[in-house]
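**Student:** I'd like to ask some things about the structure below.
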Amino acid sequence: MINKKVCMLGAFSVGKTSLVSQFVHSVFSDRYLSTVGVKISKKEIMTCGKEINLLLWDMEGKDAYVDINTSYLRGAMGFFVVADGTRKETLDIALELREIAFKYLGKPLPNKLLINKADIRNKWEITPEMLEGLREKRIDFFCTSAKSGDTVDDAFKSLTEEMLQEQNSAK
Amino acid sequence: MTTELPVSEQAPVKESGILVEDSGVTEVSATERIDAHLANDNVAENAAVVSEDEAFWKSIPEAPTDKEVKLLRSLLFSREIAIIEKLRSSYTNAQYNAKKVGNILAEAILLRSKSDNGLNVALESVVDNILQSSLQKRKTEFVDVLYPLMGPTIRKSIAESFRSMMADFGKSMEMAFSWKGLRWRLEALRTGKTFSEVVLLHTLEYRVEQVFFIHSDTGLLLSYLINEEINAKGEGGDTNDAGMLSGMLTAIQDFVRDCFKGGDVESMQMGECTIYIKKSRLAYLACVVRGIPPVGLQRKLEEILEMLLIEYADELNDFCGDTAPFADAARLLETCMLSHYQREGRQVHPFWGKWVPYALALSFCIGLGVVYYGHAANIGAHREAIAVLRAEPGLMIVHVQEESGIFDRSPWKVIAFHDEFARMPADILTANGMDAALFSFNLVPFISHDRSVVLRRAEKSFSLPETVSMSLDNGLLTFKGTAPMAWILHTREAAMLLPGVKQVDMRGLRDPLAEEIARRVKIVEGVTVRFPAGGDMPITSDQPHLNNAMDALVELERLTRKMGIVVSLTIYGHADATGTAKRNYEISQARAHTVASMLYARGSGMPISIYGMGSQYPSDEKTGEYEQEKTMRQAPYGDDLASRRIEFRVHLTSQPTITTERLLSQ
């Protein structure tokens with residue numbers, strides 16, 4: 001069995017917990033998020049013929065007053081940064097968190113940007129030009145919907161594959 | 001889809017006990033709003049407000065008396081004036097106010113008690129006074145009310161105490177007389193702990209329920225073990241949950257460390273359960289224990305963690321999420337769980353429960369007797385052997401270290417001085433039918449002056465011939481028998497140097513060959529060969545004596561050659577007093593020379609010295625033969641025939657030089 005520690009980062013109220021709670025097996029109450037600052041859930045994935053356990057560290061959302069607890073990033077093998085499509089400032093926070101994670105972990109680990117709430121695309125503040133800008137910066141992103149489940153599995157699978165490649169290349 | 005709703009769409013919120021809704025949604029009259037406002041204040045504040053309001057009313061100037069103005073005011077503000085008047089009358093009406101306050105008092109108290117404890121502080125002294133006053137006035141009523149409650153409570157408490165005391169007494173009796181108690185007492189005796197410590201150790205019940213082996217950095221579960229009983233009951237969750245638990249456990253430790261800036265969390269207490277955490281840089285062990293575990297458990301955890309770290313050092317350093325290499329780690333975790341798992345007491349058949357302890361006690365006593373007898377016999381055998389060893393010449397026992405343990409059968413250590421010519425201790429014991437393995441010897445060399453050891457040393461040192469016997473008495477070494485002269489001479493020198501020998505007596509020793517030599521020397525030296533006056537050839541009658549002497553010399557030369565002795569001869573020639581001294585000297589030398597030539601002519605090779613002594617040493621012998629001859633033949637060879645002679649002296653030389661006298665003295 002291969003286990004991978006994956007962190008979920010993002011601004012406050014972008015839907016990290018919704019993504020996690022809808023698609024993974026969780027035993028802990030969401031109350032941990034506001035007390036300990038992290039909640040751990042598990043997502044099992046079959047990819048490349050292997051069964052992989054993703055231990056998802058859903059970290060408390062960042063806003064103007066609350067910084068993330070970087071010590072929870074220690075030992076992470078990959079991470080998601082989540083943004084809310086309807087609030088363009090959350091994309092900036094997501095990219096900032098991505099840089100913080102790189103700096104803390106000391107290397108560019110496999111990561112994916114999830115731009116959530118794809119089911120209400122008409123209310124998005126994030127424009128196609130902004131997405132084009134992300135592509136130009138070679139940032140992998142997925143437009144997901146915790147409500148409909150669109151592309152969430154693909155995102156998990158893509159990150160897992162990248163982590164396995166990383167593991168193999170490390171060997 | 002996010003579940004958060006906009007604030008505008010959220011349900012109305014009940015705040016401070018009053019419904020607050022957006023304006024326009026519900027019509028509320030001005031009066032009701034004022035009432036609501038009044039209700040929002042607490043009672044104390046209301047009292048202050050009333051007095052302030054009265055001053056307010058008084059400060060308002062009286063209405064103008066002008067009729068037109070009054071009319072105008074009544075036309076314009078008739079409705080408001082009516083409302084104000086109504087409010088004024090109600091506000092100053094105490095009964096009305098009490099009613100209003102009474103309506104909201106309960107909610108007000110509830111609200112205030114939720115927000116802080118100000119109400120408790122305000123009412124504390126009031127309630128105390130009321131209770132005291134009430135108890136003093138109505139004691140009987142209080143006793144009547146409390147009796148039904150207090151009676152059963154007290155009875156229950158006394159019964160519980162009595163039961164506990166009886167249980168303790170029963171347990172003490174059991175501890176004092178049961179087999180278990182006896183066993184624990186023995187254990188206390190053996191381990192040096194107090195009996196109460198041993199009892200405490202055994203009666204503490206605990207159970208290691210779950211053990212997690214977790215990677216420190218990632219918080220990922222490497223290996224996990226759960227008590228079978230817990231697993232069967234489904235109380236510990238499944239392994240999948242253990243993965244998340246280990247993550248959460250790691251997160252909580254990070255959280256605590258970040259919050260309090262301290263060291264690592266070592267344990268977490270939750271009711272009956274405790275999580276013990278033993279941490280290292282790479283991985284840590286978390287052990288869920290129900291009850292109070294012994295101190296040894298934590299040490300055991302540390303040991304297991306160390307073993308895991310050693311066994312999986314490379315895997316932990318290169319850990320990238322694959323837990324397959326840690327599959328065998330459960331084997332080590334299992335030792336941790338099983339070694340401290342306390343089983344429930346077994347049900348024992350009453351017969352066995354009653355008689356087995358006695359049987360075991362009897363067996364123990366018999367066994368103890370056997371062991372003690374064996375121990376005593378063992379010590380006896382050792383001491384007997386020591387006595388034998390002490391009596392042995394050439395062996396001096398200095399120190400014996402006794403191993404006196406009942407179960408200790410290791411050999412006693414013996415330190416002793418030992419002469420190389422004495423018997424070895426093991427040989428002595430074997431010769432006496434004893435077990436040589438009873439001892440381990442540390443032998444220090446020394447030289448013994450004991451009689452038998454000195455004799456043995458002499459035997460070995462001198463290569464004693466069979467024909468010689470030896471005895472030692474007060475340091476005097478006496479030899480008897482026959483032996484070659486060379487051996488005798490060598491031994492005489494060496495024997496004086498032998499430790500333990502003060503004097504040597506070899507008079508009892510003789511050499512047959514030496515005796516033969518001595519005899520022949522005596523023959524040679526006893527011969528006197530006479531010469532006629534003026535002649536250098538022996539007289540006819542002495543010729544056979546000369547021949548005998550020469551034969552003896554040739555034989556002597558042969559014998560001495562065998563012994564490595566060199567024989568040499570001196571011949572002294574003599575003359576009588578007749579004639580000149582010069583002539584006498586010449587004739588005496590000629591006589592000695594003649595005899596030497598005759599000896600060489602017989603084949604002798606010995607060195608011969610000749611000396612002409614002249615007439616200096618006339619013979620004082622008056623042999624019967626000479627007298628007879630003088631009488632019979634009227635001195636045909638002159639008057640002093642005895643002085644005209646030669647004499648032999650034999651010299652035996654060896655290394656060391658042996659003189660004839662010395663040889664003869666043997």
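We name chains A, B, ... following the order of the structure tokens; residues begin at 1 in each chain, and ligands are numbered from 1 as shown.
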Report as a VMD selection string all protein, DNA and RNA residues lying within 8 Å of stretch 580-588 of chain B, evaluated on only C-alpha atoms, omitting residues in the same chain fewer than 6 positions from it.
**Tutor:** chain B and resid 534 to 536 572 to 574 611 to 615 644 to 646
**Student:** Taking only C-alpha atoms into account and nothing else, which residues of chain A lie no more than 8 Å away from chain B? Please answer as a ChimeraX atom specification.
**Tutor:** /A:1-5,14-15,18,27,36-42,55,71-72,74-77,117,119,145-148,167
**Student:** Dump N, CA and C atoms for the selected residues as a PDB file, in the first residue's frame?
**Tutor:**
ATOM      1  N   MET A   1       0.851  -1.202   0.000  1.00  0.00           N
ATOM      2  CA  MET A   1       0.000   0.000   0.000  1.00  0.00           C
ATOM      3  C   MET A   1       0.882   1.245   0.000  1.00  0.00           C
ATOM      4  N   ILE A   2       0.496   2.183  -0.904  1.00  0.00           N
ATOM      5  CA  ILE A   2       1.245   3.440  -0.943  1.00  0.00           C
ATOM      6  C   ILE A   2       0.367   4.536  -0.358  1.00  0.00           C
ATOM      7  N   ASN A   3       0.928   5.256   0.591  1.00  0.00           N
ATOM      8  CA  ASN A   3       0.207   6.375   1.214  1.00  0.00           C
ATOM      9  C   ASN A   3       0.873   7.681   0.822  1.00  0.00           C
ATOM     10  N   LYS A   4       0.056   8.701   0.597  1.00  0.00           N
ATOM     11  CA  LYS A   4       0.616  10.016   0.255  1.00  0.00           C
ATOM     12  C   LYS A   4      -0.084  11.079   1.093  1.00  0.00           C
ATOM     13  N   LYS A   5       0.748  11.957   1.655  1.00  0.00           N
ATOM     14  CA  LYS A   5       0.171  13.079   2.399  1.00  0.00           C
ATOM     15  C   LYS A   5      -0.049  14.238   1.432  1.00  0.00           C
ATOM     16  N   VAL A  14     -13.598  28.912   0.151  1.00  0.00           N
ATOM     17  CA  VAL A  14     -13.535  28.646  -1.296  1.00  0.00           C
ATOM     18  C   VAL A  14     -14.115  27.280  -1.632  1.00  0.00           C
ATOM     19  N   GLY A  15     -14.423  26.466  -0.580  1.00  0.00           N
ATOM     20  CA  GLY A  15     -15.056  25.177  -0.829  1.00  0.00           C
ATOM     21  C   GLY A  15     -14.122  23.989  -0.660  1.00  0.00           C
ATOM     22  N   SER A  18     -15.917  21.380   1.340  1.00  0.00           N
ATOM     23  CA  SER A  18     -16.996  20.772   0.557  1.00  0.00           C
ATOM     24  C   SER A  18     -16.430  19.754  -0.414  1.00  0.00           C
ATOM     25  N   VAL A  27     -13.786  10.846   8.971  1.00  0.00           N
ATOM     26  CA  VAL A  27     -14.355  10.440  10.256  1.00  0.00           C
ATOM     27  C   VAL A  27     -14.350  11.574  11.256  1.00  0.00           C
ATOM     28  N   VAL A  36      -8.240  22.829  15.853  1.00  0.00           N
ATOM     29  CA  VAL A  36      -6.841  22.451  15.614  1.00  0.00           C
ATOM     30  C   VAL A  36      -6.302  23.155  14.373  1.00  0.00           C
ATOM     31  N   GLY A  37      -7.201  23.485  13.453  1.00  0.00           N
ATOM     32  CA  GLY A  37      -6.762  24.159  12.224  1.00  0.00           C
ATOM     33  C   GLY A  37      -6.542  23.214  11.076  1.00  0.00           C
ATOM     34  N   VAL A  38      -6.820  21.945  11.289  1.00  0.00           N
ATOM     35  CA  VAL A  38      -6.660  20.981  10.205  1.00  0.00           C
ATOM     36  C   VAL A  38      -7.612  19.814  10.446  1.00  0.00           C
ATOM     37  N   LYS A  39      -8.055  19.222   9.343  1.00  0.00           N
ATOM     38  CA  LYS A  39      -8.884  18.024   9.458  1.00  0.00           C
ATOM     39  C   LYS A  39      -8.357  17.021   8.446  1.00  0.00           C
ATOM     40  N   ILE A  40      -8.217  15.801   8.902  1.00  0.00           N
ATOM     41  CA  ILE A  40      -7.598  14.814   8.010  1.00  0.00           C
ATOM     42  C   ILE A  40      -8.637  13.845   7.485  1.00  0.00           C
ATOM     43  N   SER A  41      -8.651  13.676   6.175  1.00  0.00           N
ATOM     44  CA  SER A  41      -9.571  12.757   5.526  1.00  0.00           C
ATOM     45  C   SER A  41      -8.770  11.863   4.587  1.00  0.00           C
ATOM     46  N   LYS A  42      -9.470  10.897   4.033  1.00  0.00           N
ATOM     47  CA  LYS A  42      -8.736   9.951   3.197  1.00  0.00           C
ATOM     48  C   LYS A  42      -9.445   9.740   1.866  1.00  0.00           C
ATOM     49  N   LEU A  55      -3.929  10.792   2.066  1.00  0.00           N
ATOM     50  CA  LEU A  55      -4.311  11.353   3.365  1.00  0.00           C
ATOM     51  C   LEU A  55      -4.394  12.858   3.176  1.00  0.00           C
ATOM     52  N   SER A  71       3.368  24.452   9.671  1.00  0.00           N
ATOM     53  CA  SER A  71       3.950  23.193  10.172  1.00  0.00           C
ATOM     54  C   SER A  71       3.133  21.986   9.723  1.00  0.00           C
ATOM     55  N   TYR A  72       1.862  22.231   9.373  1.00  0.00           N
ATOM     56  CA  TYR A  72       1.057  21.122   8.871  1.00  0.00           C
ATOM     57  C   TYR A  72       1.504  20.684   7.470  1.00  0.00           C
ATOM     58  N   ARG A  74       4.548  20.061   6.726  1.00  0.00           N
ATOM     59  CA  ARG A  74       5.756  19.248   6.823  1.00  0.00           C
ATOM     60  C   ARG A  74       5.490  17.818   6.359  1.00  0.00           C
ATOM     61  N   GLY A  75       6.343  17.338   5.497  1.00  0.00           N
ATOM     62  CA  GLY A  75       6.238  15.964   5.021  1.00  0.00           C
ATOM     63  C   GLY A  75       5.203  15.759   3.922  1.00  0.00           C
ATOM     64  N   ALA A  76       4.587  16.851   3.450  1.00  0.00           N
ATOM     65  CA  ALA A  76       3.589  16.707   2.382  1.00  0.00           C
ATOM     66  C   ALA A  76       4.273  16.238   1.096  1.00  0.00           C
ATOM     67  N   MET A  77       3.574  15.406   0.361  1.00  0.00           N
ATOM     68  CA  MET A  77       4.138  14.881  -0.883  1.00  0.00           C
ATOM     69  C   MET A  77       3.472  15.523  -2.103  1.00  0.00           C
ATOM     70  N   LYS A 117     -16.406  25.959  -7.844  1.00  0.00           N
ATOM     71  CA  LYS A 117     -17.722  26.536  -8.165  1.00  0.00           C
ATOM     72  C   LYS A 117     -17.903  26.704  -9.686  1.00  0.00           C
ATOM     73  N   ASP A 119     -19.964  25.172 -11.352  1.00  0.00           N
ATOM     74  CA  ASP A 119     -21.383  25.022 -11.683  1.00  0.00           C
ATOM     75  C   ASP A 119     -22.094  26.359 -11.801  1.00  0.00           C
ATOM     76  N   SER A 145     -16.204  21.483  -9.574  1.00  0.00           N
ATOM     77  CA  SER A 145     -17.447  21.829  -8.891  1.00  0.00           C
ATOM     78  C   SER A 145     -17.696  20.789  -7.812  1.00  0.00           C
ATOM     79  N   ALA A 146     -17.694  21.258  -6.563  1.00  0.00           N
ATOM     80  CA  ALA A 146     -17.968  20.338  -5.461  1.00  0.00           C
ATOM     81  C   ALA A 146     -19.410  19.878  -5.526  1.00  0.00           C
ATOM     82  N   LYS A 147     -20.230  20.681  -6.185  1.00  0.00           N
ATOM     83  CA  LYS A 147     -21.661  20.349  -6.258  1.00  0.00           C
ATOM     84  C   LYS A 147     -21.914  19.239  -7.258  1.00  0.00           C
ATOM     85  N   SER A 148     -21.355  19.414  -8.463  1.00  0.00           N
ATOM     86  CA  SER A 148     -21.613  18.421  -9.512  1.00  0.00           C
ATOM     87  C   SER A 148     -20.533  17.344  -9.564  1.00  0.00           C
ATOM     88  N   GLN A 167       8.002  10.100  -7.249  1.00  0.00           N
ATOM     89  CA  GLN A 167       8.566   9.034  -6.420  1.00  0.00           C
ATOM     90  C   GLN A 167       9.513   8.165  -7.248  1.00  0.00           C
TER      91      GLN A 167
END
**Student:** With a distance cut-off of 6 Å and only C-alpha atoms, select the neighbouring residues of B:Leu285, excluding the residue or stretch itself and same-chain residues fewer than 5 positions from it, and output the selection as a list in words.
**Tutor:**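 So the residues in contact are Phe212, Phe213, Ile277 and Lys278 of chain B.
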**Student:** Which residues are close to A:Phe12, i.e. within 9 Å by only C-alpha atoms, leaving aside same-chain residues fewer than 2 positions away? Reply as a ChimeraX atom specification.
**Tutor:** /A:10,14-16,60-63,90
**Student:** In Å, with one decimal, what is the gap from atom CA of B:Arg561 to atom CA of B:Leu652?
**Tutor:** 10.5 Å
**Student:** Smallest atom-to-atom distance to A:Gly106: which of A:Cys143, A:Ile126, A:Ile120, A:Leu73, using only C-alpha atoms?
**Tutor:**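 The answer is A:Leu73, which sits nearest to A:Gly106.
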**Student:** Report, in Å with one decimal, the straight-line distance from atom CA of A:Met59 to atom CA of A:Leu33.
**Tutor:**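 Interatomic distance here is 6.7 Å.
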**Student:** Tell me which protein, DNA and RNA residues are within 10 Å of B:Phe421, counting only C-alpha atoms, leaving out same-chain ones fewer than 2 positions away, and put them as a list in words.
**Tutor:** Pro393, Gly394, Leu395, His418, Asp419, Arg423, Met424, Ile447, Ser448, Ser452, Val453, Val454, Leu455, Arg456, Arg457, Ala458 and Lys460 of chain B
**Student:** Export C-alpha atoms of the chosen residues as a PDB file, in the first residue's frame?
**Tutor:**
ATOM      1  CA  PRO B 393      54.145 -32.392  50.382  1.00  0.00           C
ATOM      2  CA  GLY B 394      55.288 -29.674  47.998  1.00  0.00           C
ATOM      3  CA  LEU B 395      51.786 -28.079  47.817  1.00  0.00           C
ATOM      4  CA  HIS B 418      53.437 -25.701  44.090  1.00  0.00           C
ATOM      5  CA  ASP B 419      56.874 -27.294  43.741  1.00  0.00           C
ATOM      6  CA  ARG B 423      52.353 -34.029  42.339  1.00  0.00           C
ATOM      7  CA  MET B 424      49.763 -31.920  40.485  1.00  0.00           C
ATOM      8  CA  ILE B 447      60.744 -24.636  46.045  1.00  0.00           C
ATOM      9  CA  SER B 448      59.814 -27.019  48.808  1.00  0.00           C
ATOM     10  CA  SER B 452      60.152 -36.444  49.973  1.00  0.00           C
ATOM     11  CA  VAL B 453      60.162 -33.558  47.499  1.00  0.00           C
ATOM     12  CA  VAL B 454      63.927 -33.002  48.015  1.00  0.00           C
ATOM     13  CA  LEU B 455      64.566 -36.730  47.423  1.00  0.00           C
ATOM     14  CA  ARG B 456      62.398 -36.612  44.276  1.00  0.00           C
ATOM     15  CA  ARG B 457      64.263 -33.531  43.120  1.00  0.00           C
ATOM     16  CA  ALA B 458      67.605 -35.338  43.772  1.00  0.00           C
ATOM     17  CA  LYS B 460      65.484 -36.362  38.844  1.00  0.00           C
TER      18      LYS B 460
END
